[in-house]
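Engineer: Pasting my_file_27.txt below, which is compact mmCIF, C-alpha atoms and all ligand atoms.
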# COMPACT_ATOMS: atom_id res chain seq x y z
CA MET K 6 0.00 0.00 0.00
CA ALA K 7 1.28 3.49 -0.80
CA PHE K 8 2.04 5.88 2.04
CA LEU K 9 -0.04 8.99 2.59
CA ASN K 10 1.14 12.34 3.93
CA ASP K 11 0.70 11.77 7.66
CA ASN K 12 0.90 15.51 8.28
CA TYR K 13 -2.65 15.86 6.96
CA LEU K 14 -3.85 13.69 9.84
CA LYS K 15 -2.56 16.30 12.28
CA LEU K 16 -4.99 18.91 10.90
CA ARG K 17 -7.79 19.71 13.29
CA ALA K 18 -11.33 19.20 11.95
CA GLY K 19 -12.11 20.69 8.56
CA TYR K 20 -10.86 23.95 7.11
CA LEU K 21 -12.80 26.66 8.96
CA PHE K 22 -15.10 27.87 6.18
CA PRO K 23 -16.21 24.45 4.87
CA GLU K 24 -16.88 23.52 8.52
CA ILE K 25 -19.10 26.59 8.96
CA ALA K 26 -20.87 25.80 5.67
CA ARG K 27 -21.48 22.23 6.89
CA ARG K 28 -23.08 23.48 10.13
CA VAL K 29 -25.19 26.06 8.30
CA THR K 30 -26.39 23.49 5.76
CA ALA K 31 -27.38 21.09 8.55
CA PHE K 32 -29.29 23.84 10.36
CA CYS K 33 -31.02 25.00 7.16
CA SER K 34 -32.16 21.49 6.19
CA ALA K 35 -33.68 21.03 9.65
CA ASN K 36 -35.23 24.55 9.65
CA PRO K 37 -36.50 25.41 6.16
CA ASP K 38 -38.26 28.62 7.29
CA ALA K 39 -35.17 29.96 9.03
CA ALA K 40 -33.16 28.94 5.95
CA LYS K 41 -35.22 31.36 3.83
CA ARG K 42 -34.20 34.34 5.97
CA MET K 43 -30.56 33.28 6.48
CA ILE K 44 -27.98 36.01 5.82
CA ARG K 45 -24.37 34.97 5.37
CA CYS K 46 -21.72 37.23 6.90
CA GLY K 47 -19.24 34.42 7.49
CA ILE K 48 -16.72 33.93 4.70
CA GLY K 49 -15.41 37.15 3.21
CA ASP K 50 -16.84 36.57 -0.23
CA VAL K 51 -17.77 39.53 -2.41
CA THR K 52 -21.39 39.95 -3.49
CA GLU K 53 -21.37 42.86 -5.96
CA PRO K 54 -21.09 42.30 -9.74
CA LEU K 55 -17.80 42.48 -11.63
CA PRO K 56 -16.97 46.04 -12.74
CA GLU K 57 -18.13 46.95 -16.24
CA ALA K 58 -14.57 47.83 -17.28
CA VAL K 59 -13.56 44.26 -16.40
CA ARG K 60 -16.51 42.69 -18.20
CA ASN K 61 -15.84 44.73 -21.35
CA ALA K 62 -12.16 43.79 -21.36
CA MET K 63 -13.02 40.13 -20.84
CA HIS K 64 -15.62 40.15 -23.64
CA LYS K 65 -13.03 41.66 -25.96
CA ALA K 66 -10.47 39.02 -24.91
CA VAL K 67 -13.00 36.24 -25.58
CA ASP K 68 -13.51 37.62 -29.08
CA GLU K 69 -9.74 37.71 -29.64
CA MET K 70 -9.60 34.06 -28.65
CA GLY K 71 -12.16 33.30 -31.37
CA VAL K 72 -9.91 34.56 -34.19
CA ARG K 73 -6.90 32.55 -35.42
CA ASP K 74 -4.57 35.58 -35.57
CA SER K 75 -5.24 36.74 -32.02
CA PHE K 76 -5.89 33.33 -30.44
CA ARG K 77 -3.55 32.50 -27.51
CA GLY K 78 -2.53 29.11 -26.18
CA TYR K 79 -0.21 28.79 -23.19
CA GLY K 80 0.72 32.18 -21.83
CA PRO K 81 3.79 33.07 -19.79
CA GLU K 82 3.60 31.18 -16.47
CA GLN K 83 4.58 34.36 -14.58
CA GLY K 84 1.77 36.40 -16.14
CA TYR K 85 1.44 38.46 -19.32
CA GLU K 86 3.77 41.45 -19.52
CA PHE K 87 0.79 43.83 -19.94
CA LEU K 88 -0.55 42.86 -16.51
CA ARG K 89 2.82 42.65 -14.73
CA ASN K 90 3.60 46.12 -16.03
CA ALA K 91 0.19 47.55 -15.04
CA ILE K 92 0.61 46.16 -11.51
CA ALA K 93 4.21 47.31 -11.00
CA GLN K 94 3.45 50.72 -12.42
CA ASN K 95 0.13 51.44 -10.68
CA ASP K 96 0.48 49.66 -7.35
CA TYR K 97 4.15 50.42 -6.76
CA ARG K 98 6.13 52.78 -8.98
CA ALA K 99 3.31 55.38 -9.07
CA HIS K 100 3.70 55.50 -5.26
CA GLY K 101 7.48 55.83 -5.38
CA ILE K 102 8.08 52.15 -4.56
CA GLU K 103 10.76 50.33 -6.51
CA VAL K 104 9.33 47.09 -7.99
CA ALA K 105 10.32 45.78 -11.43
CA ASP K 106 7.76 44.19 -13.77
CA ASP K 107 9.55 40.84 -13.59
CA GLU K 108 9.38 40.80 -9.78
CA ILE K 109 5.58 40.40 -10.15
CA PHE K 110 4.23 36.85 -10.49
CA VAL K 111 0.57 36.65 -11.51
CA SER K 112 -1.36 33.72 -10.05
CA ASP K 113 -4.84 32.34 -9.42
CA GLY K 114 -5.03 33.50 -5.80
CA SER K 115 -3.23 34.74 -2.71
CA LYS K 116 -4.48 31.78 -0.71
CA CYS K 117 -2.73 29.48 -3.21
CA ASP K 118 0.45 31.58 -3.22
CA CYS K 119 0.60 31.77 0.58
CA GLY K 120 0.56 27.97 0.64
CA ASN K 121 2.76 27.40 -2.43
CA ILE K 122 5.51 29.71 -1.21
CA LEU K 123 6.55 26.93 1.19
CA ASP K 124 7.82 25.00 -1.86
CA ILE K 125 10.85 27.29 -2.05
CA LEU K 126 11.53 27.54 1.69
CA GLY K 127 13.35 24.94 3.77
CA ASP K 128 11.87 22.56 6.30
CA LYS K 129 13.94 23.62 9.29
CA ASN K 130 12.65 27.18 9.59
CA VAL K 131 11.24 28.59 12.81
CA ILE K 132 7.84 29.91 11.75
CA ALA K 133 5.83 32.59 13.51
CA VAL K 134 2.21 33.54 12.92
CA MET K 135 -0.08 36.08 14.51
CA ASP K 136 -2.84 34.65 16.71
CA PRO K 137 -5.70 35.03 15.71
CA VAL K 138 -4.51 34.05 12.26
CA TYR K 139 -5.83 33.41 8.75
CA PRO K 140 -5.90 29.58 8.97
CA VAL K 141 -4.16 29.02 5.61
CA TYR K 142 -0.77 30.11 7.01
CA VAL K 143 -0.98 27.51 9.76
CA ASP K 144 -2.61 24.63 7.88
CA THR K 145 -0.18 24.77 4.95
CA ASN K 146 2.73 24.53 7.37
CA VAL K 147 1.07 21.57 9.07
CA MET K 148 0.60 19.89 5.66
CA ALA K 149 4.26 20.51 4.82
CA GLY K 150 5.35 18.79 8.04
CA HIS K 151 6.66 21.94 9.70
CA THR K 152 4.79 21.35 12.98
CA GLY K 153 4.05 18.77 15.59
CA PRO K 154 0.52 17.88 16.68
CA ALA K 155 -2.11 20.37 17.86
CA ASN K 156 -2.96 20.78 21.55
CA GLU K 157 -6.49 21.09 23.01
CA ALA K 158 -6.64 24.79 22.16
CA GLY K 159 -5.67 24.08 18.54
CA ALA K 160 -2.08 25.40 18.76
CA TYR K 161 0.49 23.30 16.86
CA ALA K 162 3.77 22.32 18.44
CA GLY K 163 6.73 23.93 16.71
CA LEU K 164 4.92 27.07 15.53
CA LYS K 165 5.46 30.37 17.33
CA TYR K 166 2.20 32.19 18.00
CA LEU K 167 2.42 35.96 18.37
CA PRO K 168 -0.53 36.99 20.53
CA CYS K 169 -2.77 39.75 19.19
CA ASN K 170 -5.18 41.08 21.75
CA GLU K 171 -6.92 44.16 23.08
CA ALA K 172 -3.70 45.29 24.79
CA ASN K 173 -1.76 45.53 21.51
CA ASP K 174 -4.81 46.52 19.46
CA PHE K 175 -4.53 43.20 17.60
CA VAL K 176 -1.15 44.06 16.06
CA ALA K 177 1.57 41.59 17.08
CA ASP K 178 4.56 43.05 18.88
CA VAL K 179 8.00 42.20 17.52
CA PRO K 180 9.10 39.17 19.57
CA SER K 181 12.29 39.04 21.62
CA GLU K 182 13.36 35.70 20.14
CA ARG K 183 14.14 35.17 16.46
CA ALA K 184 12.06 33.42 13.79
CA ASP K 185 13.10 32.54 10.24
CA ILE K 186 9.71 33.20 8.69
CA VAL K 187 6.99 35.55 9.99
CA TYR K 188 3.54 35.80 8.42
CA LEU K 189 2.05 39.28 8.66
CA CYS K 190 -1.37 40.26 7.30
CA PHE K 191 -2.44 43.92 7.14
CA PRO K 192 -5.19 45.05 6.99
CA ASN K 193 -5.68 42.01 9.13
CA ASN K 194 -7.92 39.08 8.50
CA PRO K 195 -9.71 38.37 10.84
CA THR K 196 -9.42 41.33 13.25
CA GLY K 197 -9.46 44.24 10.78
CA SER K 198 -6.45 45.81 12.52
CA VAL K 199 -3.86 47.81 10.58
CA ALA K 200 -0.16 48.31 11.26
CA THR K 201 1.27 51.82 11.40
CA ARG K 202 4.43 52.84 9.57
CA ALA K 203 6.32 52.70 12.88
CA GLN K 204 5.08 49.17 13.58
CA LEU K 205 6.01 47.94 10.11
CA THR K 206 9.40 49.64 10.40
CA ALA K 207 9.97 47.70 13.63
CA TRP K 208 9.11 44.48 11.80
CA VAL K 209 11.47 45.23 8.90
CA GLU K 210 14.26 46.15 11.33
CA TYR K 211 13.65 42.89 13.21
CA ALA K 212 13.74 40.94 9.93
CA LEU K 213 16.96 42.57 8.74
CA LYS K 214 18.63 42.04 12.11
CA ASN K 215 17.60 38.37 12.36
CA ASP K 216 17.75 37.34 8.68
CA THR K 217 14.02 36.72 8.85
CA ILE K 218 11.71 36.60 5.83
CA LEU K 219 8.40 38.43 6.23
CA LEU K 220 5.52 36.91 4.27
CA TYR K 221 3.33 39.97 3.96
CA ASP K 222 -0.29 39.39 2.98
CA ALA K 223 -1.78 42.66 1.73
CA ALA K 224 -4.94 41.20 0.17
CA TYR K 225 -7.08 43.91 1.82
CA GLU K 226 -4.83 46.92 1.17
CA ALA K 227 -7.50 48.62 -0.98
CA TYR K 228 -9.62 49.07 2.17
CA ILE K 229 -7.07 51.33 3.86
CA HIS K 230 -8.69 54.69 4.31
CA ASP K 231 -6.21 56.36 6.68
CA PRO K 232 -3.53 58.12 4.57
CA GLU K 233 -0.87 57.43 7.23
CA ILE K 234 -1.18 53.63 6.99
CA PRO K 235 1.19 51.91 4.50
CA HIS K 236 -0.42 49.85 1.74
CA SER K 237 2.71 47.86 0.96
CA ILE K 238 5.56 46.48 3.06
CA TYR K 239 7.89 47.92 0.40
CA GLU K 240 7.01 51.41 1.61
CA ILE K 241 9.38 50.58 4.46
CA PRO K 242 13.10 51.00 3.64
CA GLY K 243 14.91 47.65 3.67
CA ALA K 244 11.78 45.57 2.95
CA ARG K 245 13.08 44.54 -0.48
CA GLU K 246 15.79 42.62 1.36
CA CYS K 247 13.42 40.77 3.71
CA ALA K 248 9.84 40.56 2.42
CA ILE K 249 7.58 38.82 -0.07
CA GLU K 250 4.23 40.53 -0.63
CA PHE K 251 0.96 38.83 -1.60
CA ARG K 252 -1.86 40.80 -3.20
CA SER K 253 -5.14 39.84 -4.76
CA PHE K 254 -7.84 41.16 -7.09
CA SER K 255 -10.45 39.20 -5.12
CA LYS K 256 -11.46 41.82 -2.62
CA ASN K 257 -10.89 45.02 -4.62
CA GLY K 258 -12.08 43.96 -8.09
CA GLY K 259 -14.56 41.32 -6.94
CA PHE K 260 -12.46 38.44 -8.37
CA THR K 261 -13.13 35.79 -5.70
CA GLY K 262 -14.78 33.63 -8.35
CA THR K 263 -12.83 34.97 -11.34
CA ARG K 264 -9.43 34.21 -9.70
CA CYS K 265 -6.43 36.47 -10.15
CA ALA K 266 -3.76 37.63 -7.73
CA PHE K 267 -0.04 38.28 -7.63
CA THR K 268 3.05 37.85 -5.51
CA VAL K 269 6.05 40.16 -5.43
CA VAL K 270 9.43 38.48 -4.98
CA PRO K 271 12.19 41.12 -5.04
CA LYS K 272 15.41 40.05 -6.72
CA SER K 273 17.34 41.35 -3.72
CA LEU K 274 15.64 38.90 -1.32
CA LYS K 275 17.90 36.04 -0.27
CA ALA K 276 17.73 32.95 1.90
CA CYS K 277 20.28 30.42 2.98
CA THR K 278 21.16 27.04 1.39
CA ALA K 279 21.66 23.93 3.55
CA SER K 280 25.40 24.53 3.27
CA GLY K 281 25.07 28.10 4.48
CA GLU K 282 25.41 30.16 1.29
CA SER K 283 23.00 32.97 0.64
CA HIS K 284 20.95 32.59 -2.53
CA PRO K 285 18.24 34.74 -4.16
CA LEU K 286 14.67 33.42 -3.93
CA HIS K 287 13.44 35.06 -7.14
CA PRO K 288 14.86 32.36 -9.49
CA LEU K 289 13.44 29.63 -7.25
CA TRP K 290 9.94 31.09 -7.34
CA ASN K 291 10.28 31.56 -11.10
CA ARG K 292 11.31 27.90 -11.40
CA ARG K 293 8.42 26.81 -9.19
CA MET K 294 5.87 28.76 -11.21
CA THR K 295 7.19 27.60 -14.58
CA THR K 296 7.19 23.97 -13.42
CA LYS K 297 3.94 23.70 -11.47
CA PHE K 298 1.73 26.39 -13.00
CA ASN K 299 0.60 27.29 -16.50
CA GLY K 300 -0.52 30.82 -15.81
CA VAL K 301 -3.86 32.55 -15.36
CA SER K 302 -6.10 32.62 -18.42
CA TYR K 303 -5.54 35.45 -20.92
CA ILE K 304 -9.19 36.49 -20.58
CA VAL K 305 -8.94 36.86 -16.80
CA GLN K 306 -5.63 38.75 -17.02
CA ARG K 307 -7.17 41.21 -19.48
CA GLY K 308 -10.01 41.65 -16.97
CA ALA K 309 -7.51 42.30 -14.16
CA GLU K 310 -5.61 44.79 -16.32
CA ALA K 311 -8.85 46.73 -16.82
CA LEU K 312 -9.00 47.37 -13.05
CA TYR K 313 -6.13 49.81 -13.63
CA SER K 314 -7.95 51.81 -16.33
CA ALA K 315 -9.59 55.11 -15.29
CA GLU K 316 -13.06 53.45 -15.41
CA GLY K 317 -11.76 50.40 -13.57
CA LYS K 318 -10.22 52.50 -10.79
CA SER K 319 -13.40 54.44 -10.29
CA GLU K 320 -15.49 51.25 -10.20
CA VAL K 321 -13.11 49.69 -7.66
CA SER K 322 -13.40 52.79 -5.54
CA ALA K 323 -17.22 52.51 -5.67
CA LEU K 324 -17.03 48.85 -4.62
CA ILE K 325 -14.77 49.67 -1.67
CA SER K 326 -17.10 52.51 -0.61
CA HIS K 327 -20.04 50.13 -0.79
CA TYR K 328 -18.41 47.49 1.45
CA MET K 329 -17.00 50.08 3.83
CA GLY K 330 -20.47 51.66 4.09
CA ASN K 331 -21.65 48.21 5.15
CA ALA K 332 -18.82 48.00 7.66
CA ALA K 333 -19.86 51.32 9.22
CA ILE K 334 -23.47 50.12 9.60
CA LEU K 335 -22.35 46.88 11.22
CA ARG K 336 -19.92 48.63 13.55
CA GLN K 337 -22.64 51.00 14.68
CA ALA K 338 -25.18 48.23 15.29
CA VAL K 339 -22.68 46.21 17.31
CA SER K 340 -21.71 49.24 19.39
CA GLN K 341 -25.39 50.05 20.01
CA ALA K 342 -25.82 46.47 21.16
CA GLU K 343 -23.13 47.34 23.73
CA LEU K 344 -20.59 44.90 22.39
CA LYS K 345 -16.93 45.91 22.05
CA VAL K 346 -15.85 46.24 18.45
CA TRP K 347 -12.61 46.57 16.42
CA GLY K 348 -11.88 46.71 12.69
CA GLY K 349 -14.31 47.87 10.01
CA VAL K 350 -12.50 51.21 9.53
CA ASN K 351 -9.56 50.27 7.27
CA ALA K 352 -10.75 46.72 6.64
CA PRO K 353 -13.95 44.92 5.61
CA TYR K 354 -14.03 42.79 8.78
CA ILE K 355 -15.65 43.69 12.10
CA TRP K 356 -14.12 41.95 15.10
CA VAL K 357 -16.48 41.75 18.08
CA LYS K 358 -16.10 40.62 21.67
CA THR K 359 -18.76 38.08 22.63
CA PRO K 360 -20.99 38.90 25.62
CA SER K 361 -19.28 37.82 28.80
CA GLY K 362 -19.33 34.07 29.38
CA THR K 363 -20.26 33.25 25.77
CA SER K 364 -17.73 31.28 23.72
CA SER K 365 -17.11 32.00 20.04
CA TRP K 366 -18.96 28.88 18.85
CA GLU K 367 -21.84 29.56 21.30
CA MET K 368 -22.13 33.01 19.73
CA PHE K 369 -22.03 31.43 16.26
CA ASP K 370 -24.90 29.11 17.27
CA ARG K 371 -26.88 31.95 18.83
CA MET K 372 -26.55 34.12 15.74
CA LEU K 373 -27.44 31.13 13.53
CA HIS K 374 -30.45 29.92 15.53
CA GLU K 375 -31.89 33.18 16.89
CA ALA K 376 -30.90 35.80 14.29
CA ASN K 377 -30.41 33.50 11.28
CA VAL K 378 -27.15 35.27 10.53
CA VAL K 379 -23.91 33.43 9.79
CA ILE K 380 -20.79 34.89 11.40
CA THR K 381 -17.33 33.40 11.91
CA PRO K 382 -16.35 32.24 15.40
CA GLY K 383 -13.10 33.88 16.50
CA SER K 384 -11.71 30.63 17.91
CA GLY K 385 -11.66 29.26 14.35
CA PHE K 386 -8.74 31.64 13.77
CA GLY K 387 -6.72 30.38 16.73
CA SER K 388 -6.89 30.20 20.48
CA ALA K 389 -6.45 33.97 20.91
CA GLY K 390 -9.66 34.38 18.89
CA GLU K 391 -11.72 32.67 21.59
CA GLY K 392 -14.27 35.09 23.02
CA TYR K 393 -14.59 37.03 19.75
CA PHE K 394 -16.43 36.71 16.47
CA ARG K 395 -15.98 38.19 13.01
CA ILE K 396 -18.67 39.78 10.84
CA SER K 397 -17.88 40.20 7.17
CA ALA K 398 -19.01 43.42 5.50
CA PHE K 399 -19.14 41.73 2.09
CA ASN K 400 -22.85 41.77 1.37
CA SER K 401 -25.65 43.77 -0.21
CA ARG K 402 -26.70 46.95 1.60
CA ALA K 403 -30.20 45.56 2.21
CA ASN K 404 -28.79 42.44 3.87
CA VAL K 405 -26.41 44.43 6.05
CA GLU K 406 -29.23 46.74 7.20
CA GLU K 407 -31.27 43.68 8.08
CA VAL K 408 -28.32 42.13 9.95
CA ALA K 409 -27.97 45.39 11.91
CA ARG K 410 -31.69 45.22 12.88
CA ARG K 411 -31.36 41.60 13.93
CA ILE K 412 -28.27 42.28 16.07
CA LEU K 413 -30.17 45.01 17.87
CA ALA K 414 -33.24 42.78 18.30
CA LEU K 415 -31.03 40.02 19.73
CA ARG K 416 -29.80 42.41 22.36
C1 LIG I 1 -12.10 34.89 4.75
O1 LIG I 1 -13.31 34.94 4.90
O2 LIG I 1 -11.32 34.87 5.69
C2 LIG I 1 -11.57 34.90 3.36
O3 LIG I 1 -12.56 35.11 2.45
C3 LIG I 1 -10.95 33.65 3.03
C4 LIG I 1 -10.12 33.78 1.82
O4 LIG I 1 -9.94 34.85 1.25
O5 LIG I 1 -9.58 32.74 1.44
Kindly return the structure encoded in the file as structure tokens.
Ligand code: MLT
Structural biologist:
Amino acid sequence: MAFLNDNYLKLRAGYLFPEIARRVTAFCSANPDAAKRMIRCGIGDVTEPLPEAVRNAMHKAVDEMGVRDSFRGYGPEQGYEFLRNAIAQNDYRAHGIEVADDEIFVSDGSKCDCGNILDILGDKNVIAVMDPVYPVYVDTNVMAGHTGPANEAGAYAGLKYLPCNEANDFVADVPSERADIVYLCFPNNPTGSVATRAQLTAWVEYALKNDTILLYDAAYEAYIHDPEIPHSIYEIPGARECAIEFRSFSKNGGFTGTRCAFTVVPKSLKACTASGESHPLHPLWNRRMTTKFNGVSYIVQRGAEALYSAEGKSEVSALISHYMGNAAILRQAVSQAELKVWGGVNAPYIWVKTPSGTSSWEMFDRMLHEANVVITPGSGFGSAGEGYFRISAFNSRANVEEVARRILALR
């Protein structure tokens, strides 16, 4: 009999969102009337239609594919030059940040890239994650065999958890001991916290001092409203020597179903070989992508490029305003219900403290059974998330207004 990857057997229960979906489906089948009024504010999945600029560009690309002279087969695995250039120019160089077109790698999602990046990193690294944490960072390390088993609270042996709590406003402090790899996510999923320039500078200084690589997930950067908050880790001097940045079109352009994202691997970023020599990571990621990936479809990349057109930018800005308007309504309702709330100002997630004595999953059940609203239990993001829950602002305005009414009625 062939051997399986035993590391998968260390994973606790299902991945958080399928597990929530399973519980919601079970409740809905047993309660068909409640099912009809169910509103889903669990997974952060966009609800508003794709921007017109994107749809037009994609229609045009489909037509090109229907003509022999403009038909395209395999594209470049790293992404078409037109999109790599649009990204580097608009997201970085236009803001005074040095990023070359060929340091951008276009992919089918940040979730995939955050997991796949482990392919080019060694197995002996000390890995640190924030707690609460986006579960993908943890689970992919478990799958790769970088941890021991989980304890009762769900923490895996071998991983360093950096506590994020009310005292540090849900932004992890730089630890006193060193780590080889640190995952940072700002604006944060799940807490909605953001890191200031000073906080990110402290992280970059820590990374440069300790030869640490920062894996910086900026999937929600478009939601930053405060002009003082950095959108990219590369706004911090020295970050090109210590950070990889992940970005996505899912939450700004509404591409959760369309699939397109990118990762920035600076050519100046190096890591160490088993024999102790320093080696750039860029050629390794290039090799990984050209070997295991055949690129995002031409049609989708043309759609993503259109997000950088004048019409595209204005449509993205309208989408962000819509979701952040939702966030404001949810924040207000939760505050009126006399619950403590964070996030929802520079991020589409509202992070709420459960009423005293109520666990995260008890709150999930209460919201499901009594308000027929799906939220995400904070403990699903790690032990430091116990006692909190997350509400996603990705929804229609009508649904969010109804959720606000139901939260107040529950009170
Ligand atoms: C979330 O709800 O945390 C996100 O939608 C998950 C994801 O982007 O993969």
Engineer: Taking all atoms listed in the file into account, name the residue in K:Ser34, K:Ser280, K:Ser255, K:Asn130 that is nearest to ligand LIG 1 (chain I).
Structural biologist: K:Ser255
Engineer: Counting all atoms listed in the file, I want the residues whose atoms come within 12 Å of (1.6, 20.3, 19.1) in the file frame, returned as a PyMOL selection string.
Structural biologist: chain K and resi 12+15-17+147+150-166
Engineer: Hey, which residues sit close to ligand LIG 1 (chain I)? Say within 10 Å, counting only C-alpha atoms and all ligand atoms, and write them as a ChimeraX atom specification.
Structural biologist: /K:21-22,46-51,114-117,138-141,193-195,224-225,253,255-256,261,354,380-381,386,395-397,399
Engineer: With C-alpha atoms retained, could you export that selection as a CSV table (one decimal), in the coordinates of the input?
Structural biologist:
chain,number,residue,atom,x,y,z
K,21,LEU,CA,-12.8,26.7,9.0
K,22,PHE,CA,-15.1,27.9,6.2
K,46,CYS,CA,-21.7,37.2,6.9
K,47,GLY,CA,-19.2,34.4,7.5
K,48,ILE,CA,-16.7,33.9,4.7
K,49,GLY,CA,-15.4,37.2,3.2
K,50,ASP,CA,-16.8,36.6,-0.2
K,51,VAL,CA,-17.8,39.5,-2.4
K,114,GLY,CA,-5.0,33.5,-5.8
K,115,SER,CA,-3.2,34.7,-2.7
K,116,LYS,CA,-4.5,31.8,-0.7
K,117,CYS,CA,-2.7,29.5,-3.2
K,138,VAL,CA,-4.5,34.0,12.3
K,139,TYR,CA,-5.8,33.4,8.8
K,140,PRO,CA,-5.9,29.6,9.0
K,141,VAL,CA,-4.2,29.0,5.6
K,193,ASN,CA,-5.7,42.0,9.1
K,194,ASN,CA,-7.9,39.1,8.5
K,195,PRO,CA,-9.7,38.4,10.8
K,224,ALA,CA,-4.9,41.2,0.2
K,225,TYR,CA,-7.1,43.9,1.8
K,253,SER,CA,-5.1,39.8,-4.8
K,255,SER,CA,-10.4,39.2,-5.1
K,256,LYS,CA,-11.5,41.8,-2.6
K,261,THR,CA,-13.1,35.8,-5.7
K,354,TYR,CA,-14.0,42.8,8.8
K,380,ILE,CA,-20.8,34.9,11.4
K,381,THR,CA,-17.3,33.4,11.9
K,386,PHE,CA,-8.7,31.6,13.8
K,395,ARG,CA,-16.0,38.2,13.0
K,396,ILE,CA,-18.7,39.8,10.8
K,397,SER,CA,-17.9,40.2,7.2
K,399,PHE,CA,-19.1,41.7,2.1
Engineer: In file coordinates, which residues lie within 12 Å of (2.6, 33.3, 5.0) using all atoms listed in the file, given as a PyMOL selection string?
Structural biologist: chain K and resi 115-124+126+132-135+138-146+185-191+218-224+248-252+268
Engineer: Measuring between all atoms listed in the file, which one of K:Leu413, K:Cys277, K:Ile125, K:Val179 shows the shortest distance to K:Arg292?
Structural biologist: K:Ile125
Engineer: I want to know what sits within 9 Å of K:His230, based on all atoms listed in the file, with residues of the same chain fewer than 4 positions away left out; could you give that as a list in words?
Structural biologist: Ile234, Val350, Asn351 and Ala352 of chain K
Engineer: Compile the contact shell of K:Asp106 as an MDAnalysis selection string: residues with an atom at most 7 Å away, counting only C-alpha atoms, same-chain residues fewer than 5 positions apart removed.
Structural biologist: chainID K and resid 89:90 93
Engineer: Which residues are near K:Leu335? Cut-off 12 Å, all atoms listed in the file, ignore same chain within fewer than 6 positions. Put them as a PyMOL selection string.
Structural biologist: chain K and resi 46+328-329+341-342+344+346-350+353-357+395-400+402+404-413
Engineer: First collect every listed atom of stretch 92-99 of chain K; then fit an axis-aligned box around them, widen it by 5 Å on each side, and give centre and edge lengths in Å to one decimal, as JSON.
Structural biologist:
{"center_x": 3.1, "center_y": 50.8, "center_z": -9.6, "size_x": 16.0, "size_y": 19.2, "size_z": 15.7}
Engineer: What does the distance from atom CA of K:His374 to atom CA of K:Arg336 come to in Å, to one decimal?
Structural biologist: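 We find that atom CA of K:His374 and atom CA of K:Arg336 lie 21.6 Å from each other.
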Engineer: Go through K:Ser340, K:Asn331, K:Ser75, K:Asn215 one by one, measure the shortest atom-to-atom distance of each to K:Lys358 using all atoms listed in the file, and give the residue with the smallest value.
Structural biologist: K:Ser340
Engineer: From the set K:Ser237, K:Ser319, K:Ser273, K:Asn95, which residue has the shortest atom-to-atom contact distance to K:Arg202, counting all atoms listed in the file?
Structural biologist: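 Of K:Ser237, K:Ser319, K:Ser273, K:Asn95, the one nearest K:Arg202 is K:Ser237, counting all atoms listed in the file.
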Engineer: For K:Val29, find every residue with an atom within 12 Å (counting all atoms listed in the file), except residues of its own chain fewer than 2 positions away, and show them as an MDAnalysis selection string.
Structural biologist: chainID K and resid 22:27 31:37 39:40 43:47 369:370 372:374 377:381
Engineer: Write to file, as a tab-separated table (two decimals), keeping the file's coordinate frame, the residues of the selection just made, with C-alpha atoms.
Structural biologist:
chain	number	residue	atom	x	y	z
K	22	PHE	CA	-15.10	27.87	6.18
K	23	PRO	CA	-16.21	24.45	4.87
K	24	GLU	CA	-16.88	23.52	8.52
K	25	ILE	CA	-19.10	26.59	8.96
K	26	ALA	CA	-20.87	25.80	5.67
K	27	ARG	CA	-21.48	22.23	6.89
K	31	ALA	CA	-27.38	21.09	8.55
K	32	PHE	CA	-29.29	23.84	10.36
K	33	CYS	CA	-31.02	25.00	7.16
K	34	SER	CA	-32.16	21.49	6.19
K	35	ALA	CA	-33.68	21.03	9.65
K	36	ASN	CA	-35.23	24.55	9.65
K	37	PRO	CA	-36.50	25.41	6.16
K	39	ALA	CA	-35.17	29.96	9.03
K	40	ALA	CA	-33.16	28.94	5.95
K	43	MET	CA	-30.56	33.28	6.48
K	44	ILE	CA	-27.98	36.01	5.82
K	45	ARG	CA	-24.37	34.97	5.37
K	46	CYS	CA	-21.72	37.23	6.90
K	47	GLY	CA	-19.24	34.42	7.49
K	369	PHE	CA	-22.03	31.43	16.26
K	370	ASP	CA	-24.90	29.11	17.27
K	372	MET	CA	-26.55	34.12	15.74
K	373	LEU	CA	-27.44	31.13	13.53
K	374	HIS	CA	-30.45	29.92	15.53
K	377	ASN	CA	-30.41	33.50	11.28
K	378	VAL	CA	-27.15	35.27	10.53
K	379	VAL	CA	-23.91	33.43	9.79
K	380	ILE	CA	-20.79	34.89	11.40
K	381	THR	CA	-17.33	33.40	11.91
Engineer: Taking 5 positions as the minimum chain separation for residues in the same chain, which residues sit within 12 Å of K:Gly259 when counting all atoms listed in the file? Answer as a VMD selection string.
Structural biologist: chain K and resid 49 to 57 59 to 60 224 to 225 227 253 to 254 264 to 266 308 to 309 312 317 320 to 325 328 399 to 400
Engineer: Quick one, how far is atom CA of K:Val209 from atom CA of K:Glu171?
Structural biologist: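 Between these atoms lies a distance of 23.2 Å.
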Engineer: Work out how far atom CA of K:Thr206 is from atom CA of K:Pro235, in Å to one decimal.
Structural biologist: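 Going from atom CA of K:Pro235 over to atom CA of K:Thr206, I get 10.4 Å.
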Engineer: Restricting the calculation to all atoms listed in the file: of K:Asp231, K:Asn10, K:Gln306, K:Ala212, which residue gets closest to K:Met148?
Structural biologist: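 The closest residue to K:Met148 is K:Asn10.
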Engineer: Which residue, K:Thr217, K:Asn170, K:Ser181, K:Asn291, has the smallest gap to K:Gly392 when you use only C-alpha atoms?
Structural biologist: K:Asn170
